[in-house]
Amino acid sequence: MELLLILILFTSAVGMAIPAVLSSRRDAQARECSIRLAVIQDAKREVFEDMNRLLPPQQRLRITDPLNPLHVDRIAAITLQTPWRFHPEERCPSGGEVTVGATFLDPPQCSDGTAPASLETLRR
């Protein structure tokens with residue numbers, strides 16, 4: 001009888017713990033995806049500023065100019081140097097497809113609808 005009682009208590013404890021673990025895992029994956037989108041946006045801004053520092057005034061980029069493969073490669077190099085070390089074209093941990101955006105103005109997006117985080121609040 002005591003063994004049966006212990007088994008019932010153990011089973012109920014595991015039954016309550018599993019949903020909590022799965023929920024916190026989903027939340028962590030969504031936060032990481034949100035941070036990745038913010039890092040991509042920050043990298044796009046950095047590439048835009050670097051390119052405009054290097055180009056002569058008549059050839060400077062506009063924020064509405066489309067991204068070309070050189071820009072995407074430089075964005076990838078920046079994201080690989082961050083503490084998260086990821087490539088912008090990798091899937092988010094939550095499983096969504098990531099798009100960098102067609103222009104410097106377009107924010108990066110994830111197909112699961114995750115919004116980019118604010119890097120300013122993360123740095124504090």
# chains A, B, ... in the order shown; residues from 1 in each chain; ligands from 1
$ closest_atom_pairs --of "range 4-54 of chain A" --to "range 102-122 of chain A" --cutoff "6 Å" --atoms "only C-alpha atoms" --output "JSON lines"
{"residue": "A:Ser34", "atom": "CA", "partner": "A:Pro116", "partner_atom": "CA", "distance": 4.5}
{"residue": "A:Ile35", "atom": "CA", "partner": "A:Ala117", "partner_atom": "CA", "distance": 5.3}
{"residue": "A:Leu37", "atom": "CA", "partner": "A:Pro116", "partner_atom": "CA", "distance": 4.9}
{"residue": "A:Ala38", "atom": "CA", "partner": "A:Pro116", "partner_atom": "CA", "distance": 4.9}
$ residues_around --residues "range 46-56 of chain A" --least-positions-apart "5" --cutoff "9 Å" --atoms "only C-alpha atoms" --output "list in words"
Gln41, Leu61, Arg62, Ile63, His71, Arg74, Ile75, Ile78 and Phe104 of chain A
$ write_last_selection --atoms "C-alpha atoms" --output "mmCIF file, in the first residue's frame"
data_model
loop_
_atom_site.group_PDB
_atom_site.id
_atom_site.type_symbol
_atom_site.label_atom_id
_atom_site.label_comp_id
_atom_site.auth_asym_id
_atom_site.auth_seq_id
_atom_site.Cartn_x
_atom_site.Cartn_y
_atom_site.Cartn_z
ATOM 1 C CA GLN A 41 18.650 44.222 -37.327
ATOM 2 C CA LEU A 61 23.436 53.753 -49.806
ATOM 3 C CA ARG A 62 19.884 54.741 -48.973
ATOM 4 C CA ILE A 63 17.983 52.879 -46.301
ATOM 5 C CA HIS A 71 25.618 42.954 -47.569
ATOM 6 C CA ARG A 74 28.742 41.007 -43.977
ATOM 7 C CA ILE A 75 25.588 40.703 -41.858
ATOM 8 C CA ILE A 78 28.654 40.055 -37.716
ATOM 9 C CA PHE A 104 18.010 47.924 -44.967
#
$ residues_around --residues "Ala77 in chain A" --least-positions-apart "6" --cutoff "12 Å" --atoms "only C-alpha atoms" --output "MDAnalysis selection string"
chainID A and resid 39:40 43:44 46:47 70:71 85:89
$ atom_distance --atom1 "CA of Ile8 in chain A" --atom2 "CA of Ser23 in chain A"
23.5 Å
$ atom_distance --atom1 "CA of Glu97 in chain A" --atom2 "CA of Ala20 in chain A"
25.9 Å
$ select_by_dssp --residues "chain A" --states "strand (DSSP E or B)" --output "list of chain:residue names"
A:Pro66, A:Val98, A:Thr99, A:Thr103, A:Gln109, A:Cys110
$ write_last_selection --atoms "C-alpha atoms" --output "PDB file, in the first residue's frame"
ATOM      1  CA  PRO A  66      17.924  46.414 -51.606  1.00  0.00           C
ATOM      2  CA  VAL A  98      14.043  33.695 -40.789  1.00  0.00           C
ATOM      3  CA  THR A  99      14.147  36.360 -43.496  1.00  0.00           C
ATOM      4  CA  THR A 103      16.106  46.349 -47.848  1.00  0.00           C
ATOM      5  CA  GLN A 109      11.149  38.459 -39.608  1.00  0.00           C
ATOM      6  CA  CYS A 110      10.473  34.943 -38.404  1.00  0.00           C
TER       7      CYS A 110
END
$ select_by_dssp --residues "chain A" --states "helix (DSSP H, G or I)" --output "VMD selection string"
chain A and resid 2 to 54 57 to 59 69 to 81 119 to 123
$ atom_distance --atom1 "CA of Ala13 in chain A" --atom2 "CA of Gly95 in chain A"
29.3 Å
